[in-house]
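Visitor: Have a peek at data.pdb (PDB, C-alpha atoms).
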ATOM      1  CA  MET M   1       0.000   0.000   0.000  1.00  0.00           C
ATOM      2  CA  THR M   2       1.349   3.404  -0.927  1.00  0.00           C
ATOM      3  CA  ASN M   3       0.556   6.964   0.029  1.00  0.00           C
ATOM      4  CA  ALA M   4       0.082  10.053  -2.137  1.00  0.00           C
ATOM      5  CA  HIS M   5       3.705  11.150  -1.689  1.00  0.00           C
ATOM      6  CA  THR M   6       5.062   7.761  -2.765  1.00  0.00           C
ATOM      7  CA  ASP M   7       2.672   7.565  -5.717  1.00  0.00           C
ATOM      8  CA  SER M   8       3.768  11.010  -6.876  1.00  0.00           C
ATOM      9  CA  ALA M   9       7.441  10.103  -6.552  1.00  0.00           C
ATOM     10  CA  LEU M  10       6.911   6.816  -8.425  1.00  0.00           C
ATOM     11  CA  ASN M  11       5.143   8.630 -11.272  1.00  0.00           C
ATOM     12  CA  ALA M  12       7.961  11.176 -11.459  1.00  0.00           C
ATOM     13  CA  MET M  13      10.594   8.446 -11.615  1.00  0.00           C
ATOM     14  CA  LYS M  14       8.661   6.554 -14.297  1.00  0.00           C
ATOM     15  CA  GLU M  15       8.451   9.752 -16.355  1.00  0.00           C
ATOM     16  CA  ARG M  16      12.159  10.422 -15.833  1.00  0.00           C
ATOM     17  CA  LEU M  17      12.979   6.908 -17.030  1.00  0.00           C
ATOM     18  CA  ALA M  18      10.732   7.266 -20.096  1.00  0.00           C
ATOM     19  CA  ASN M  19      12.425  10.576 -20.966  1.00  0.00           C
ATOM     20  CA  GLU M  20      15.902   9.133 -20.476  1.00  0.00           C
ATOM     21  CA  PHE M  21      15.091   6.248 -22.811  1.00  0.00           C
ATOM     22  CA  ALA M  22      12.925   8.139 -25.274  1.00  0.00           C
ATOM     23  CA  ASP M  23      14.041   5.792 -28.060  1.00  0.00           C
ATOM     24  CA  ARG M  24      12.446   2.796 -26.305  1.00  0.00           C
ATOM     25  CA  PRO M  25       8.730   1.990 -26.532  1.00  0.00           C
ATOM     26  CA  ARG M  26       6.998   3.905 -23.734  1.00  0.00           C
ATOM     27  CA  ALA M  27       4.714   0.968 -22.917  1.00  0.00           C
ATOM     28  CA  SER M  28       7.727  -1.300 -22.454  1.00  0.00           C
ATOM     29  CA  VAL M  29       9.470   1.237 -20.230  1.00  0.00           C
ATOM     30  CA  SER M  30       6.316   1.482 -18.105  1.00  0.00           C
ATOM     31  CA  ALA M  31       6.031  -2.302 -17.906  1.00  0.00           C
ATOM     32  CA  CYS M  32       9.625  -2.674 -16.688  1.00  0.00           C
ATOM     33  CA  PHE M  33       9.120   0.054 -14.097  1.00  0.00           C
ATOM     34  CA  ASP M  34       5.771  -1.329 -12.928  1.00  0.00           C
ATOM     35  CA  ASN M  35       7.148  -4.862 -12.547  1.00  0.00           C
ATOM     36  CA  VAL M  36      10.099  -3.684 -10.494  1.00  0.00           C
ATOM     37  CA  THR M  37       7.874  -1.417  -8.400  1.00  0.00           C
ATOM     38  CA  LYS M  38       5.400  -4.228  -7.700  1.00  0.00           C
ATOM     39  CA  ASP M  39       8.201  -6.463  -6.432  1.00  0.00           C
ATOM     40  CA  LEU M  40       9.696  -3.728  -4.254  1.00  0.00           C
ATOM     41  CA  LEU M  41       6.366  -2.715  -2.745  1.00  0.00           C
ATOM     42  CA  ALA M  42       5.526  -6.329  -1.908  1.00  0.00           C
ATOM     43  CA  GLU M  43       8.362  -6.444   0.613  1.00  0.00           C
ATOM     44  CA  ALA M  44       8.902  -2.795   1.545  1.00  0.00           C
ATOM     45  CA  ARG M  45       8.519  -1.744   5.136  1.00  0.00           C
ATOM     46  CA  ILE M  46       9.716   1.789   4.491  1.00  0.00           C
ATOM     47  CA  LEU M  47       8.428   3.439   1.308  1.00  0.00           C
ATOM     48  CA  ASP M  48      10.784   6.435   1.232  1.00  0.00           C
ATOM     49  CA  PHE M  49      13.404   4.761  -0.948  1.00  0.00           C
ATOM     50  CA  VAL M  50      11.144   2.669  -3.197  1.00  0.00           C
ATOM     51  CA  PRO M  51      10.885   5.267  -6.021  1.00  0.00           C
ATOM     52  CA  LEU M  52      14.662   5.649  -6.338  1.00  0.00           C
ATOM     53  CA  LEU M  53      15.278   1.910  -6.072  1.00  0.00           C
ATOM     54  CA  ALA M  54      12.574   1.230  -8.664  1.00  0.00           C
ATOM     55  CA  TYR M  55      14.170   3.749 -11.024  1.00  0.00           C
ATOM     56  CA  ARG M  56      17.635   2.245 -10.632  1.00  0.00           C
ATOM     57  CA  LEU M  57      16.493  -1.355 -11.030  1.00  0.00           C
ATOM     58  CA  ALA M  58      14.134  -0.625 -13.919  1.00  0.00           C
ATOM     59  CA  ARG M  59      16.898   1.306 -15.682  1.00  0.00           C
ATOM     60  CA  GLY M  60      18.795  -1.955 -16.180  1.00  0.00           C
ATOM     61  CA  CYS M  61      15.703  -3.636 -17.607  1.00  0.00           C
ATOM     62  CA  VAL M  62      14.935  -0.731 -19.943  1.00  0.00           C
ATOM     63  CA  ALA M  63      18.534  -0.482 -21.159  1.00  0.00           C
ATOM     64  CA  GLN M  64      18.167  -4.007 -22.570  1.00  0.00           C
ATOM     65  CA  LEU M  65      15.034  -3.147 -24.547  1.00  0.00           C
ATOM     66  CA  PRO M  66      15.477  -2.681 -28.289  1.00  0.00           C
ATOM     67  CA  ALA M  67      15.175   0.886 -29.534  1.00  0.00           C
ATOM     68  CA  GLU M  68      12.153   1.785 -31.638  1.00  0.00           C
ATOM     69  CA  GLU M  69      12.683   2.066 -35.352  1.00  0.00           C
ATOM     70  CA  ALA M  70      12.637   5.642 -36.582  1.00  0.00           C
ATOM     71  CA  GLN M  71       9.497   6.372 -38.577  1.00  0.00           C
ATOM     72  CA  ALA M  72      10.349   6.865 -42.231  1.00  0.00           C
ATOM     73  CA  ALA M  73       9.129  10.162 -43.628  1.00  0.00           C
ATOM     74  CA  ALA M  74       6.548   9.581 -46.308  1.00  0.00           C
TER      75      ALA M  74
END
Show me the file's structure as structure tokens.

Guide:
Amino acid sequence: MTNAHTDSALNAMKERLANEFADRPRASVSACFDNVTKDLLAEARILDFVPLLAYRLARGCVAQLPAEEAQAAA
């Protein structure tokens, strides 16, 4: 269970990750982040560090995703 502060921080970290890896599919970035977050929250006793830990762990997952193909101009 999270609180409003934690939810806000998690959303900010997810957005930061999506911006950092703008060449990766946004849905895949979100999925990586959400999976990591779910695992962390399942065992967290203190929520203060979950957003930063989720960002750092998800970053490794996202870095392995293939980049999106550039759209060809028609």

Visitor: Taking all atoms listed in the file into account, which of M:Ala58, M:Ile46, M:Ala67, M:Leu52 comes nearest M:Phe33?

Guide: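 Of M:Ala58, M:Ile46, M:Ala67, M:Leu52, the one nearest M:Phe33 is M:Ala58, counting all atoms listed in the file.
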
Visitor: If the PyMOL selection byres ((chain M and resi 13) around 12) were run on this exact file, what residues would it hold? Put them as a PyMOL selection string.

Guide: chain M and resi 6-12+14-20+29-30+33-34+37+49-59

Visitor: Please compute the atom CA of M:Glu68-atom CA of M:Val36 distance, one decimal, in Å.

Guide: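 The value is 21.9 Å.
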
Visitor: Find the distance between atom CA of M:Ala63 and atom CA of M:Asn3 and write it in Å to one decimal.

Guide: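 Distance reported for this atom pair: 28.8 Å.
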
Visitor: List as JSON, numbers by chain the protein and nucleic acid residues near M:Glu69, meaning an atom at most 10 Å away when only C-alpha atoms are counted, but skip any in the same chain fewer than 4 places from it.

Guide: {"M": [23, 24, 25]}

Visitor: Between atom CA of M:Pro66 and atom CA of M:Leu41, what is the spacing in Å?

Guide: 27.1 Å

Visitor: Can you sort out stretch 21-47 of chain M so it carries N, CA and C atoms, written as a PDB file, in the frame of the given file?

Guide:
ATOM      1  N   PHE M  21      15.067   7.255 -21.754  1.00  0.00           N
ATOM      2  CA  PHE M  21      15.091   6.248 -22.811  1.00  0.00           C
ATOM      3  C   PHE M  21      13.970   6.522 -23.806  1.00  0.00           C
ATOM      4  N   ALA M  22      13.979   7.713 -24.351  1.00  0.00           N
ATOM      5  CA  ALA M  22      12.925   8.139 -25.274  1.00  0.00           C
ATOM      6  C   ALA M  22      12.898   7.306 -26.553  1.00  0.00           C
ATOM      7  N   ASP M  23      13.995   6.621 -26.856  1.00  0.00           N
ATOM      8  CA  ASP M  23      14.041   5.792 -28.060  1.00  0.00           C
ATOM      9  C   ASP M  23      13.479   4.390 -27.833  1.00  0.00           C
ATOM     10  N   ARG M  24      13.053   4.092 -26.614  1.00  0.00           N
ATOM     11  CA  ARG M  24      12.446   2.796 -26.305  1.00  0.00           C
ATOM     12  C   ARG M  24      10.935   2.961 -26.282  1.00  0.00           C
ATOM     13  N   PRO M  25      10.195   1.904 -26.585  1.00  0.00           N
ATOM     14  CA  PRO M  25       8.730   1.990 -26.532  1.00  0.00           C
ATOM     15  C   PRO M  25       8.255   2.366 -25.122  1.00  0.00           C
ATOM     16  N   ARG M  26       7.447   3.401 -25.041  1.00  0.00           N
ATOM     17  CA  ARG M  26       6.998   3.905 -23.734  1.00  0.00           C
ATOM     18  C   ARG M  26       6.245   2.832 -22.936  1.00  0.00           C
ATOM     19  N   ALA M  27       5.462   2.030 -23.607  1.00  0.00           N
ATOM     20  CA  ALA M  27       4.714   0.968 -22.917  1.00  0.00           C
ATOM     21  C   ALA M  27       5.669  -0.054 -22.301  1.00  0.00           C
ATOM     22  N   SER M  28       6.753  -0.348 -22.978  1.00  0.00           N
ATOM     23  CA  SER M  28       7.727  -1.300 -22.454  1.00  0.00           C
ATOM     24  C   SER M  28       8.483  -0.719 -21.266  1.00  0.00           C
ATOM     25  N   VAL M  29       8.810   0.562 -21.347  1.00  0.00           N
ATOM     26  CA  VAL M  29       9.470   1.237 -20.230  1.00  0.00           C
ATOM     27  C   VAL M  29       8.552   1.197 -19.010  1.00  0.00           C
ATOM     28  N   SER M  30       7.287   1.510 -19.207  1.00  0.00           N
ATOM     29  CA  SER M  30       6.316   1.482 -18.105  1.00  0.00           C
ATOM     30  C   SER M  30       6.176   0.083 -17.523  1.00  0.00           C
ATOM     31  N   ALA M  31       6.162  -0.919 -18.380  1.00  0.00           N
ATOM     32  CA  ALA M  31       6.031  -2.302 -17.906  1.00  0.00           C
ATOM     33  C   ALA M  31       7.223  -2.701 -17.045  1.00  0.00           C
ATOM     34  N   CYS M  32       8.430  -2.373 -17.483  1.00  0.00           N
ATOM     35  CA  CYS M  32       9.625  -2.674 -16.688  1.00  0.00           C
ATOM     36  C   CYS M  32       9.530  -1.996 -15.325  1.00  0.00           C
ATOM     37  N   PHE M  33       9.198  -0.711 -15.341  1.00  0.00           N
ATOM     38  CA  PHE M  33       9.120   0.054 -14.097  1.00  0.00           C
ATOM     39  C   PHE M  33       8.035  -0.511 -13.176  1.00  0.00           C
ATOM     40  N   ASP M  34       6.878  -0.807 -13.730  1.00  0.00           N
ATOM     41  CA  ASP M  34       5.771  -1.329 -12.928  1.00  0.00           C
ATOM     42  C   ASP M  34       6.101  -2.685 -12.321  1.00  0.00           C
ATOM     43  N   ASN M  35       6.769  -3.546 -13.070  1.00  0.00           N
ATOM     44  CA  ASN M  35       7.148  -4.862 -12.547  1.00  0.00           C
ATOM     45  C   ASN M  35       8.123  -4.741 -11.391  1.00  0.00           C
ATOM     46  N   VAL M  36       9.116  -3.892 -11.555  1.00  0.00           N
ATOM     47  CA  VAL M  36      10.099  -3.684 -10.494  1.00  0.00           C
ATOM     48  C   VAL M  36       9.421  -3.078  -9.268  1.00  0.00           C
ATOM     49  N   THR M  37       8.565  -2.088  -9.501  1.00  0.00           N
ATOM     50  CA  THR M  37       7.874  -1.417  -8.400  1.00  0.00           C
ATOM     51  C   THR M  37       7.002  -2.398  -7.623  1.00  0.00           C
ATOM     52  N   LYS M  38       6.273  -3.244  -8.346  1.00  0.00           N
ATOM     53  CA  LYS M  38       5.400  -4.228  -7.700  1.00  0.00           C
ATOM     54  C   LYS M  38       6.211  -5.130  -6.776  1.00  0.00           C
ATOM     55  N   ASP M  39       7.353  -5.593  -7.242  1.00  0.00           N
ATOM     56  CA  ASP M  39       8.201  -6.463  -6.432  1.00  0.00           C
ATOM     57  C   ASP M  39       8.735  -5.739  -5.204  1.00  0.00           C
ATOM     58  N   LEU M  40       9.163  -4.491  -5.381  1.00  0.00           N
ATOM     59  CA  LEU M  40       9.696  -3.728  -4.254  1.00  0.00           C
ATOM     60  C   LEU M  40       8.616  -3.439  -3.210  1.00  0.00           C
ATOM     61  N   LEU M  41       7.441  -3.049  -3.676  1.00  0.00           N
ATOM     62  CA  LEU M  41       6.366  -2.715  -2.745  1.00  0.00           C
ATOM     63  C   LEU M  41       5.864  -3.938  -1.976  1.00  0.00           C
ATOM     64  N   ALA M  42       5.992  -5.113  -2.564  1.00  0.00           N
ATOM     65  CA  ALA M  42       5.526  -6.329  -1.908  1.00  0.00           C
ATOM     66  C   ALA M  42       6.290  -6.592  -0.614  1.00  0.00           C
ATOM     67  N   GLU M  43       7.543  -6.156  -0.554  1.00  0.00           N
ATOM     68  CA  GLU M  43       8.362  -6.444   0.613  1.00  0.00           C
ATOM     69  C   GLU M  43       8.820  -5.207   1.366  1.00  0.00           C
ATOM     70  N   ALA M  44       8.416  -4.035   0.928  1.00  0.00           N
ATOM     71  CA  ALA M  44       8.902  -2.795   1.545  1.00  0.00           C
ATOM     72  C   ALA M  44       8.229  -2.541   2.882  1.00  0.00           C
ATOM     73  N   ARG M  45       9.045  -2.186   3.848  1.00  0.00           N
ATOM     74  CA  ARG M  45       8.519  -1.744   5.136  1.00  0.00           C
ATOM     75  C   ARG M  45       8.562  -0.224   5.211  1.00  0.00           C
ATOM     76  N   ILE M  46       9.553   0.338   4.548  1.00  0.00           N
ATOM     77  CA  ILE M  46       9.716   1.789   4.491  1.00  0.00           C
ATOM     78  C   ILE M  46       9.614   2.189   3.030  1.00  0.00           C
ATOM     79  N   LEU M  47       8.699   3.079   2.704  1.00  0.00           N
ATOM     80  CA  LEU M  47       8.428   3.439   1.308  1.00  0.00           C
ATOM     81  C   LEU M  47       9.307   4.566   0.777  1.00  0.00           C
TER      82      LEU M  47
END
